[in-house]
There are 2 protein chains.
Amino acid sequence: MRESIKVFAPATVANVVCGFDILGFAVDAPGDEVIMRRKAEPGVVITKITGDDGRLPMEASKNTVSASVQDYLSYIERTDIGVEIELHKKMPIGSGLGSSSASTVAGLFAINTLLDEPLNRMQMVPFAMKGEELACGSGHADNVAPALLGGFVLIRSYKPLDLIKLPFPESLYCAIVFPEVDVPTRDARRMIRDKVLLKDAVIQWGNIAGLVTGLFMKDLDLIGRSMIDVLVEPVRSILIPDFYKLRDIAMGLGAISFGISGSGPSVFSFAKDKDTADKITLAIKKHLNALQIGCQTYVSPINGEGPRIL
Amino acid sequence: MRESIKVFAPATVANVVCGFDILGFAVDAPGDEVIMRRKAEPGVVITKITGDDGRLPMEASKNTVSASVQDYLSYIERTDIGVEIELHKKMPIGSGLGSSSASTVAGLFAINTLLDEPLNRMQMVPFAMKGEELACGSGHADNVAPALLGGFVLIRSYKPLDLIKLPFPESLYCAIVFPEVDVPTRDARRMIRDKVLLKDAVIQWGNIAGLVTGLFMKDLDLIGRSMIDVLVEPVRSILIPDFYKLRDIAMGLGAISFGISGSGPSVFSFAKDKDTADKITLAIKKHLNALQIGCQTYVSPINGEGPRIL
């Protein structure tokens, strides 16, 4: 049995423009790292956190990475186990890229691997969702499910939880830009009205059906034309500096799509190759920098496997 | 060049439970037949209608089958052509099975075949939609598109019109029951509220995404669990006698799904084979008959080809 393990769990893009609350995908970069070591005494402790600028709690019950490991150990009736956790944040917090989800999934994947996989990945999803509730105030699955399972994950239903992995074109690249402005998930959710026009909802479900079809058919053009959000983006885009100008820049450089990642402020594009994705991130960064807004950029293929041992 | 032609165009099931306004499929039976003969003088006339109990207009400009042929001839600039149309209704009017659509598509398919196919099937869809507008007051594509193209057709978008044929499990059978009660399409549409709860819309688009995924994966179980409608069915089901009891009967006999066809009053189930579909229609018919409600039943595989020459 392993005494220690170092793992990576990926950042994720939730919503994917037209799949509000039901779709997400994982990327290869960025992501978080967790080092987990067994210790003699029972219990879960955090010994170190880096890369968070002191923003995350060290107390085990308050940090999603440790709290979800505690839940997991209770569930498998192994509270006799003791582990120390080092969390190395390698991605920005509050970016709309599933930062808390990456930490949670890294912790759960680490403990499950350390204990020789008592649960499969699908079985770990509920613990990760509970971690999301602690971190974000709502237990959504659209970041944790793709972070754990890899690839594109459809959340067909929450009650009962019904997750389905979707295929995707392997050539697809993702260009991500995180503009360093503050958009808390809780506030971003509150902006959205609780009623919508049926005619807009019909447009939305035509597009989500089109996106799923495009993923199955590996049809980049159909994927692109389906990635339209008439409900949430018009509201949330207000929080993102020059959102529609950034879209024009991305689309002008050949992006397949452009939209908000999760509740923002990160934006992402799909591109047909790395070169196009590189050009898009660079041009968006340049535009934001001219507005005196700092940003972080990532170019990555889709991560089809989820977390991995380092 | 042919002097006359006899064609069949299929009935269709629109909405498919969770795909309100964006999804429909064609069946092998029932459907309408059109006999079209060239005549010397230009113009389109209807010479005979059977099976409609005198409910359909004989005047060419008022009947969808002739009016859409007139539109078509204007578009291809062949108003020099003259044809006589016999329309043989082989399916009930006002049943929610795309009755007007079957007639329209039969007429368009007949004229296009008679003229050696100046347009492809996709190009004929707008003329069929215009025919729907004449017949039903709104130019939806969820009956005419599957009637023309066959199989399952996703209407990803109306503006611009974007139609995509979806795959389906070939073993799938459809059990249809038309209870002889009157539910005009216009009234059925008016019953639906123009605003919906976002949380219900999210459930709906999770399910449409699940249904599309199930069709691609040929996963009958996923197709079944995705065919839930939290928005339209709760309202429209009021017009259908004992709707929820009929569902229990169908599901109890092994139906994959049960729901309203289009705006009703016809109901349909998917079944894994003909035998199961036969049992479902028989049991539903028996239940309705006990309520003194007459009905017509149809059991059919999915029609993958659309209209055909007889």
# chains A, B, ... in the order shown; residues from 1 in each chain; ligands from 1

call {"tool": "residues_around", "arguments": {"residues": "segment 271-286 of chain B", "least_positions_apart": "3", "cutoff": "8 Å", "atoms": "only C-alpha atoms", "output": "compact mmCIF listing (two decimals) with all heavy atoms, in the first residue's frame"}}
result
# COMPACT_ATOMS: atom_id res chain seq x y z
N SER B 171 -34.22 -0.88 -33.95
CA SER B 171 -35.21 -1.80 -33.36
C SER B 171 -36.41 -1.08 -32.76
O SER B 171 -37.41 -1.70 -32.42
CB SER B 171 -34.53 -2.63 -32.27
OG SER B 171 -34.05 -1.75 -31.25
N LEU B 172 -36.30 0.24 -32.64
CA LEU B 172 -37.33 1.01 -31.93
C LEU B 172 -38.69 0.92 -32.60
O LEU B 172 -38.81 1.13 -33.81
CB LEU B 172 -36.87 2.48 -31.90
CG LEU B 172 -37.35 3.37 -30.76
CD1 LEU B 172 -36.92 2.83 -29.40
CD2 LEU B 172 -36.79 4.78 -30.93
N TYR B 173 -39.72 0.62 -31.82
CA TYR B 173 -41.10 0.63 -32.32
C TYR B 173 -41.87 1.75 -31.65
O TYR B 173 -41.60 2.12 -30.50
CB TYR B 173 -41.77 -0.72 -32.07
CG TYR B 173 -41.80 -1.56 -33.32
CD1 TYR B 173 -40.66 -2.27 -33.71
CD2 TYR B 173 -42.92 -1.61 -34.14
CE1 TYR B 173 -40.66 -3.01 -34.89
CE2 TYR B 173 -42.92 -2.36 -35.31
CZ TYR B 173 -41.79 -3.05 -35.67
OH TYR B 173 -41.79 -3.77 -36.83
N CYS B 174 -42.85 2.24 -32.40
CA CYS B 174 -43.68 3.30 -31.86
C CYS B 174 -45.12 2.81 -31.77
O CYS B 174 -45.67 2.27 -32.74
CB CYS B 174 -43.56 4.51 -32.79
SG CYS B 174 -44.35 5.96 -32.11
N ALA B 175 -45.70 2.97 -30.60
CA ALA B 175 -47.11 2.62 -30.38
C ALA B 175 -47.89 3.93 -30.25
O ALA B 175 -47.59 4.74 -29.38
CB ALA B 175 -47.24 1.81 -29.09
N ILE B 176 -48.86 4.12 -31.13
CA ILE B 176 -49.60 5.38 -31.15
C ILE B 176 -51.09 5.12 -30.92
O ILE B 176 -51.65 4.20 -31.52
CB ILE B 176 -49.42 6.11 -32.51
CG1 ILE B 176 -47.95 6.52 -32.69
CG2 ILE B 176 -50.34 7.32 -32.61
CD1 ILE B 176 -47.65 7.13 -34.05
N VAL B 177 -51.68 5.92 -30.06
CA VAL B 177 -53.13 5.84 -29.89
C VAL B 177 -53.71 7.25 -30.05
O VAL B 177 -53.26 8.19 -29.38
CB VAL B 177 -53.52 5.27 -28.51
CG1 VAL B 177 -55.05 5.25 -28.36
CG2 VAL B 177 -52.95 3.87 -28.32
N LEU B 220 -31.52 2.49 -25.16
CA LEU B 220 -32.97 2.59 -24.92
C LEU B 220 -33.28 3.07 -23.52
O LEU B 220 -34.23 3.81 -23.30
CB LEU B 220 -33.65 1.23 -25.17
CG LEU B 220 -33.54 0.65 -26.59
CD1 LEU B 220 -34.39 -0.61 -26.72
CD2 LEU B 220 -33.96 1.67 -27.64
N LEU B 246 -53.17 6.24 -18.47
CA LEU B 246 -52.67 5.63 -19.72
C LEU B 246 -51.15 5.43 -19.65
O LEU B 246 -50.63 4.41 -20.09
CB LEU B 246 -53.04 6.50 -20.94
CG LEU B 246 -54.53 6.74 -21.21
CD1 LEU B 246 -54.71 7.59 -22.48
CD2 LEU B 246 -55.31 5.44 -21.33
N ILE B 249 -50.40 2.42 -17.59
CA ILE B 249 -50.69 1.19 -18.36
C ILE B 249 -49.52 0.89 -19.30
O ILE B 249 -49.00 -0.23 -19.33
CB ILE B 249 -52.01 1.35 -19.16
CG1 ILE B 249 -53.21 1.36 -18.20
CG2 ILE B 249 -52.16 0.24 -20.20
CD1 ILE B 249 -54.53 1.77 -18.86
N ALA B 250 -49.09 1.92 -20.06
CA ALA B 250 -48.01 1.72 -21.03
C ALA B 250 -46.71 1.31 -20.34
O ALA B 250 -46.07 0.33 -20.74
CB ALA B 250 -47.80 3.01 -21.84
N LEU B 253 -46.50 -2.13 -19.08
CA LEU B 253 -46.34 -3.16 -20.13
C LEU B 253 -44.96 -3.11 -20.78
O LEU B 253 -44.72 -3.76 -21.79
CB LEU B 253 -47.44 -2.99 -21.19
CG LEU B 253 -48.85 -3.38 -20.71
CD1 LEU B 253 -49.91 -2.90 -21.71
CD2 LEU B 253 -48.96 -4.89 -20.51
N GLY B 254 -44.07 -2.33 -20.19
CA GLY B 254 -42.69 -2.33 -20.69
C GLY B 254 -42.36 -1.22 -21.68
O GLY B 254 -41.33 -1.29 -22.37
N ALA B 255 -43.21 -0.19 -21.75
CA ALA B 255 -42.89 0.93 -22.65
C ALA B 255 -41.58 1.58 -22.22
O ALA B 255 -41.28 1.67 -21.02
CB ALA B 255 -44.01 1.95 -22.63
N ILE B 256 -40.81 2.05 -23.20
CA ILE B 256 -39.60 2.82 -22.92
C ILE B 256 -39.98 4.23 -22.47
O ILE B 256 -39.31 4.83 -21.64
CB ILE B 256 -38.72 2.87 -24.19
CG1 ILE B 256 -38.17 1.47 -24.49
CG2 ILE B 256 -37.60 3.89 -24.07
CD1 ILE B 256 -37.64 1.31 -25.91
N SER B 257 -41.07 4.73 -23.04
CA SER B 257 -41.51 6.09 -22.75
C SER B 257 -42.98 6.20 -23.07
O SER B 257 -43.54 5.34 -23.78
CB SER B 257 -40.73 7.09 -23.60
OG SER B 257 -41.02 6.85 -24.97
N ASN B 289 -61.82 2.73 -24.47
CA ASN B 289 -63.14 2.23 -24.86
C ASN B 289 -64.05 2.07 -23.63
O ASN B 289 -65.25 2.35 -23.70
CB ASN B 289 -63.02 0.90 -25.61
CG ASN B 289 -62.46 1.09 -27.02
OD1 ASN B 289 -62.30 2.22 -27.50
ND2 ASN B 289 -62.14 0.01 -27.70
N ALA B 290 -63.46 1.64 -22.53
CA ALA B 290 -64.24 1.49 -21.30
C ALA B 290 -64.76 2.85 -20.81
O ALA B 290 -65.77 2.93 -20.09
CB ALA B 290 -63.40 0.82 -20.22
N GLY B 294 -63.80 6.42 -28.34
CA GLY B 294 -63.28 5.65 -29.45
C GLY B 294 -61.82 6.01 -29.70
O GLY B 294 -61.35 7.08 -29.29
N CYS B 295 -61.08 5.13 -30.34
CA CYS B 295 -59.70 5.51 -30.67
C CYS B 295 -59.19 4.73 -31.86
O CYS B 295 -59.73 3.69 -32.24
CB CYS B 295 -58.79 5.36 -29.46
SG CYS B 295 -58.72 3.74 -28.75
N GLN B 296 -58.14 5.28 -32.45
CA GLN B 296 -57.45 4.59 -33.53
C GLN B 296 -56.03 4.31 -33.07
O GLN B 296 -55.42 5.13 -32.39
CB GLN B 296 -57.46 5.47 -34.78
CG GLN B 296 -58.88 5.65 -35.31
CD GLN B 296 -58.93 6.49 -36.57
OE1 GLN B 296 -58.12 6.31 -37.47
NE2 GLN B 296 -59.89 7.40 -36.63
N THR B 297 -55.53 3.14 -33.41
CA THR B 297 -54.20 2.74 -32.95
C THR B 297 -53.29 2.43 -34.13
O THR B 297 -53.76 1.97 -35.18
CB THR B 297 -54.28 1.50 -32.04
OG1 THR B 297 -54.77 0.40 -32.81
CG2 THR B 297 -55.21 1.73 -30.85
N TYR B 298 -52.02 2.69 -33.93
CA TYR B 298 -51.02 2.42 -34.96
C TYR B 298 -49.76 1.87 -34.29
O TYR B 298 -49.35 2.39 -33.25
CB TYR B 298 -50.64 3.70 -35.72
CG TYR B 298 -51.84 4.46 -36.23
CD1 TYR B 298 -52.40 5.49 -35.47
CD2 TYR B 298 -52.44 4.13 -37.45
CE1 TYR B 298 -53.51 6.19 -35.92
CE2 TYR B 298 -53.55 4.82 -37.90
CZ TYR B 298 -54.08 5.86 -37.14
OH TYR B 298 -55.19 6.54 -37.58
N VAL B 299 -49.19 0.87 -34.88
CA VAL B 299 -47.90 0.34 -34.41
C VAL B 299 -46.96 0.37 -35.61
O VAL B 299 -47.31 -0.11 -36.68
CB VAL B 299 -48.06 -1.09 -33.86
CG1 VAL B 299 -46.70 -1.75 -33.68
CG2 VAL B 299 -48.80 -1.06 -32.52
N SER B 300 -45.81 0.98 -35.41
CA SER B 300 -44.94 1.22 -36.56
C SER B 300 -43.48 1.35 -36.13
O SER B 300 -43.20 1.89 -35.07
CB SER B 300 -45.38 2.53 -37.23
OG SER B 300 -44.40 2.98 -38.15
N PRO B 301 -42.57 0.89 -36.98
CA PRO B 301 -41.16 1.25 -36.73
C PRO B 301 -40.96 2.72 -37.10
O PRO B 301 -41.85 3.35 -37.67
CB PRO B 301 -40.38 0.34 -37.66
CG PRO B 301 -41.33 -0.11 -38.71
CD PRO B 301 -42.73 0.07 -38.18

call {"tool": "residues_around", "arguments": {"residues": "segment 29-45 of chain B", "least_positions_apart": "4", "cutoff": "7 Å", "atoms": "only C-alpha atoms", "output": "count of residues only"}}
result
32

call {"tool": "residues_around", "arguments": {"residues": "Gly210 of chain A", "least_positions_apart": "5", "cutoff": "9 Å", "atoms": "only C-alpha atoms", "output": "PyMOL selection string"}}
result
(chain A and resi 205+215+222-223+225-227) or (chain B and resi 154-157+164+209+212)

call {"tool": "interface_residues", "arguments": {"of": "chain A", "to": "chain B", "cutoff": "8 Å", "atoms": "only C-alpha atoms", "output": "JSON, numbers by chain"}}
result
{"A": [19, 20, 21, 22, 154, 155, 156, 157, 166, 193, 194, 195, 196, 197, 198, 199, 201, 202, 203, 204, 205, 206, 207, 208, 209, 210, 212, 213, 216, 226]}

call {"tool": "residues_around", "arguments": {"residues": "Gly264 of chain B", "least_positions_apart": "4", "cutoff": "10 Å", "atoms": "only C-alpha atoms", "output": "PDB file with C-alpha atoms, in the first residue's frame"}}
result
ATOM      1  CA  VAL B  13     -44.573  12.768 -33.815  1.00  0.00           C
ATOM      2  CA  ALA B  14     -43.432  16.271 -32.880  1.00  0.00           C
ATOM      3  CA  GLY B  94     -56.586  17.034 -35.679  1.00  0.00           C
ATOM      4  CA  SER B  95     -54.873  14.039 -34.126  1.00  0.00           C
ATOM      5  CA  GLY B  96     -51.521  15.607 -33.242  1.00  0.00           C
ATOM      6  CA  LEU B  97     -49.812  13.283 -35.709  1.00  0.00           C
ATOM      7  CA  PHE B 178     -55.406   8.629 -31.121  1.00  0.00           C
ATOM      8  CA  PRO B 179     -58.307   9.096 -28.702  1.00  0.00           C
ATOM      9  CA  VAL B 181     -61.480  13.826 -28.678  1.00  0.00           C
ATOM     10  CA  ASP B 182     -61.014  17.251 -30.177  1.00  0.00           C
ATOM     11  CA  VAL B 183     -57.834  19.244 -29.363  1.00  0.00           C
ATOM     12  CA  PRO B 184     -57.196  21.967 -31.944  1.00  0.00           C
ATOM     13  CA  THR B 185     -53.494  22.794 -32.313  1.00  0.00           C
ATOM     14  CA  ALA B 188     -53.246  23.583 -27.347  1.00  0.00           C
ATOM     15  CA  GLU B 233     -47.036  18.002 -20.668  1.00  0.00           C
ATOM     16  CA  ARG B 236     -51.536  19.720 -22.249  1.00  0.00           C
ATOM     17  CA  SER B 237     -52.189  16.403 -20.540  1.00  0.00           C
ATOM     18  CA  LEU B 239     -56.970  17.679 -22.479  1.00  0.00           C
ATOM     19  CA  ILE B 240     -56.298  13.946 -22.761  1.00  0.00           C
ATOM     20  CA  GLY B 259     -46.069  11.039 -23.915  1.00  0.00           C
ATOM     21  CA  ILE B 260     -48.170  13.350 -26.029  1.00  0.00           C
ATOM     22  CA  PHE B 268     -47.292   7.530 -28.133  1.00  0.00           C
TER      23      PHE B 268
END

call {"tool": "atom_distance", "arguments": {"atom1": "atom CA of Gly150 of chain B", "atom2": "atom CA of Pro307 of chain B"}}
result
7.5 Å

call {"tool": "select_by_dssp", "arguments": {"residues": "segment 214-289 of chain A", "states": "alpha helix (DSSP H)", "output": "JSON, numbers by chain"}}
result
{"A": [214, 215, 216, 217, 220, 221, 222, 223, 224, 225, 226, 233, 234, 235, 236, 243, 244, 245, 246, 247, 248, 249, 250, 251, 252, 274, 275, 276, 277, 278, 279, 280, 281, 282, 283, 284, 285, 286, 287, 288, 289]}

call {"tool": "write_last_selection", "arguments": {"atoms": "C-alpha atoms", "output": "PDB file, in the first residue's frame"}}
result
ATOM      1  CA  GLY A 214     -21.925  18.242 -32.868  1.00  0.00           C
ATOM      2  CA  LEU A 215     -19.819  16.501 -30.205  1.00  0.00           C
ATOM      3  CA  PHE A 216     -21.015  13.068 -31.332  1.00  0.00           C
ATOM      4  CA  MET A 217     -20.544  13.891 -35.010  1.00  0.00           C
ATOM      5  CA  LEU A 220     -16.731  21.651 -35.433  1.00  0.00           C
ATOM      6  CA  ASP A 221     -19.028  23.884 -37.447  1.00  0.00           C
ATOM      7  CA  LEU A 222     -22.172  22.519 -35.770  1.00  0.00           C
ATOM      8  CA  ILE A 223     -20.472  22.791 -32.359  1.00  0.00           C
ATOM      9  CA  GLY A 224     -19.727  26.418 -33.122  1.00  0.00           C
ATOM     10  CA  ARG A 225     -23.167  27.392 -34.389  1.00  0.00           C
ATOM     11  CA  SER A 226     -24.809  25.699 -31.404  1.00  0.00           C
ATOM     12  CA  GLU A 233     -24.712  35.219 -21.080  1.00  0.00           C
ATOM     13  CA  PRO A 234     -26.587  38.476 -21.754  1.00  0.00           C
ATOM     14  CA  VAL A 235     -26.715  39.004 -17.969  1.00  0.00           C
ATOM     15  CA  ARG A 236     -23.356  37.647 -16.841  1.00  0.00           C
ATOM     16  CA  PHE A 243     -17.016  40.930 -23.393  1.00  0.00           C
ATOM     17  CA  TYR A 244     -18.477  41.439 -26.868  1.00  0.00           C
ATOM     18  CA  LYS A 245     -15.309  43.081 -28.140  1.00  0.00           C
ATOM     19  CA  LEU A 246     -13.343  40.068 -26.844  1.00  0.00           C
ATOM     20  CA  ARG A 247     -15.761  37.799 -28.716  1.00  0.00           C
ATOM     21  CA  ASP A 248     -15.196  39.737 -31.932  1.00  0.00           C
ATOM     22  CA  ILE A 249     -11.444  39.402 -31.470  1.00  0.00           C
ATOM     23  CA  ALA A 250     -11.675  35.638 -30.879  1.00  0.00           C
ATOM     24  CA  MET A 251     -14.111  34.952 -33.716  1.00  0.00           C
ATOM     25  CA  GLY A 252     -12.085  37.150 -36.049  1.00  0.00           C
ATOM     26  CA  LYS A 274      -3.142  24.904 -30.823  1.00  0.00           C
ATOM     27  CA  ASP A 275      -1.851  27.623 -33.107  1.00  0.00           C
ATOM     28  CA  THR A 276      -5.276  29.248 -33.433  1.00  0.00           C
ATOM     29  CA  ALA A 277      -5.847  28.939 -29.670  1.00  0.00           C
ATOM     30  CA  ASP A 278      -2.481  30.593 -28.992  1.00  0.00           C
ATOM     31  CA  LYS A 279      -3.338  33.503 -31.275  1.00  0.00           C
ATOM     32  CA  ILE A 280      -6.720  33.981 -29.577  1.00  0.00           C
ATOM     33  CA  THR A 281      -5.361  34.070 -26.019  1.00  0.00           C
ATOM     34  CA  LEU A 282      -2.588  36.433 -27.035  1.00  0.00           C
ATOM     35  CA  ALA A 283      -4.942  38.881 -28.760  1.00  0.00           C
ATOM     36  CA  ILE A 284      -7.419  38.858 -25.861  1.00  0.00           C
ATOM     37  CA  LYS A 285      -4.627  39.367 -23.340  1.00  0.00           C
ATOM     38  CA  LYS A 286      -3.320  42.285 -25.380  1.00  0.00           C
ATOM     39  CA  HIS A 287      -6.773  43.895 -25.487  1.00  0.00           C
ATOM     40  CA  LEU A 288      -7.312  43.470 -21.737  1.00  0.00           C
ATOM     41  CA  ASN A 289      -3.853  44.720 -20.895  1.00  0.00           C
TER      42      ASN A 289
END

call {"tool": "select_by_dssp", "arguments": {"residues": "segment 17-87 of chain B", "states": "strand (DSSP E)", "output": "PyMOL selection string"}}
result
chain B and resi 23-39+43-50+82-87

call {"tool": "atom_distance", "arguments": {"atom1": "atom CA of Phe109 of chain B", "atom2": "atom CA of Phe270 of chain B"}}
result
27.7 Å

call {"tool": "atom_distance", "arguments": {"atom1": "atom CA of Ser269 of chain A", "atom2": "atom CA of Asp28 of chain A"}}
result
14.8 Å

call {"tool": "residues_around", "arguments": {"residues": "Leu56 of chain A", "least_positions_apart": "2", "cutoff": "12 Å", "atoms": "only C-alpha atoms", "output": "compact mmCIF listing (two decimals) with N, CA, C and O atoms, in the first residue's frame"}}
result
# COMPACT_ATOMS: atom_id res chain seq x y z
N ILE A 46 -4.58 19.51 7.05
CA ILE A 46 -3.87 20.21 5.97
C ILE A 46 -2.58 20.74 6.56
O ILE A 46 -2.59 21.43 7.58
N LYS A 48 -0.11 22.20 4.48
CA LYS A 48 0.48 23.26 3.66
C LYS A 48 -0.48 23.63 2.53
O LYS A 48 -1.08 22.75 1.92
N ILE A 49 -0.58 24.91 2.29
CA ILE A 49 -1.29 25.36 1.08
C ILE A 49 -0.39 26.39 0.41
O ILE A 49 0.07 27.32 1.06
N THR A 50 -0.15 26.20 -0.88
CA THR A 50 0.61 27.22 -1.62
C THR A 50 -0.25 27.74 -2.77
O THR A 50 -1.20 27.08 -3.20
N GLY A 51 0.07 28.91 -3.23
CA GLY A 51 -0.56 29.46 -4.44
C GLY A 51 -1.93 30.08 -4.22
O GLY A 51 -2.62 30.40 -5.19
N ASP A 52 -2.33 30.24 -2.95
CA ASP A 52 -3.68 30.78 -2.69
C ASP A 52 -3.64 32.18 -2.10
O ASP A 52 -4.70 32.71 -1.74
N ASP A 53 -2.44 32.74 -1.96
CA ASP A 53 -2.29 34.06 -1.32
C ASP A 53 -2.98 34.11 0.04
O ASP A 53 -3.57 35.13 0.42
N GLY A 54 -2.96 33.00 0.75
CA GLY A 54 -3.54 32.96 2.09
C GLY A 54 -5.05 33.03 2.14
O GLY A 54 -5.64 33.29 3.19
N MET A 58 -7.01 26.72 6.52
CA MET A 58 -6.17 25.55 6.84
C MET A 58 -6.96 24.55 7.67
O MET A 58 -6.60 23.38 7.75
N GLU A 59 -8.03 25.03 8.29
CA GLU A 59 -8.82 24.16 9.17
C GLU A 59 -9.52 23.08 8.32
O GLU A 59 -10.22 23.40 7.36
N ALA A 60 -9.33 21.82 8.70
CA ALA A 60 -9.74 20.69 7.85
C ALA A 60 -11.23 20.71 7.53
O ALA A 60 -11.63 20.41 6.40
N SER A 61 -12.06 21.06 8.51
CA SER A 61 -13.51 20.99 8.28
C SER A 61 -14.01 22.12 7.38
O SER A 61 -15.12 22.07 6.86
N LYS A 62 -13.18 23.16 7.23
CA LYS A 62 -13.61 24.32 6.44
C LYS A 62 -13.07 24.35 5.02
O LYS A 62 -13.53 25.13 4.18
N ASN A 63 -12.06 23.54 4.75
CA ASN A 63 -11.48 23.52 3.41
C ASN A 63 -12.06 22.34 2.64
O ASN A 63 -12.08 21.20 3.12
N THR A 64 -12.52 22.62 1.43
CA THR A 64 -13.20 21.57 0.66
C THR A 64 -12.32 20.35 0.40
O THR A 64 -12.81 19.22 0.39
N VAL A 65 -11.01 20.57 0.24
CA VAL A 65 -10.13 19.44 -0.07
C VAL A 65 -10.09 18.43 1.08
O VAL A 65 -10.15 17.21 0.86
N SER A 66 -10.05 18.93 2.30
CA SER A 66 -9.98 18.04 3.46
C SER A 66 -11.38 17.57 3.90
O SER A 66 -11.58 16.40 4.27
N LEU A 87 -1.87 21.15 -0.31
CA LEU A 87 -2.62 21.61 -1.48
C LEU A 87 -1.81 22.68 -2.20
O LEU A 87 -1.48 23.71 -1.60
N HIS A 88 -1.47 22.39 -3.43
CA HIS A 88 -0.73 23.37 -4.22
C HIS A 88 -1.65 23.92 -5.30
O HIS A 88 -1.91 23.27 -6.31
N LYS A 89 -2.18 25.11 -5.03
CA LYS A 89 -3.05 25.77 -6.02
C LYS A 89 -2.19 26.20 -7.20
O LYS A 89 -1.29 27.03 -7.06
N PRO A 92 -5.96 30.03 -10.60
CA PRO A 92 -6.54 31.13 -9.83
C PRO A 92 -7.87 30.75 -9.15
O PRO A 92 -8.66 30.00 -9.69
N ILE A 93 -8.06 31.32 -7.97
CA ILE A 93 -9.31 31.17 -7.23
C ILE A 93 -10.31 32.21 -7.74
O ILE A 93 -9.92 33.32 -8.08
N GLY A 94 -11.58 31.83 -7.79
CA GLY A 94 -12.60 32.80 -8.22
C GLY A 94 -12.52 33.15 -9.68
O GLY A 94 -12.93 34.21 -10.12
N SER A 99 -12.03 26.13 -9.67
CA SER A 99 -10.86 26.06 -8.79
C SER A 99 -11.11 25.18 -7.57
O SER A 99 -10.32 24.28 -7.26
N SER A 100 -12.22 25.40 -6.87
CA SER A 100 -12.51 24.59 -5.68
C SER A 100 -12.72 23.13 -6.09
O SER A 100 -12.29 22.20 -5.40
N SER A 103 -9.45 21.27 -6.52
CA SER A 103 -8.85 20.90 -5.24
C SER A 103 -9.59 19.70 -4.64
O SER A 103 -8.97 18.74 -4.17
N ALA A 135 -17.75 24.97 -0.64
CA ALA A 135 -16.93 26.03 -1.23
C ALA A 135 -17.76 27.14 -1.88
O ALA A 135 -17.39 28.31 -1.81
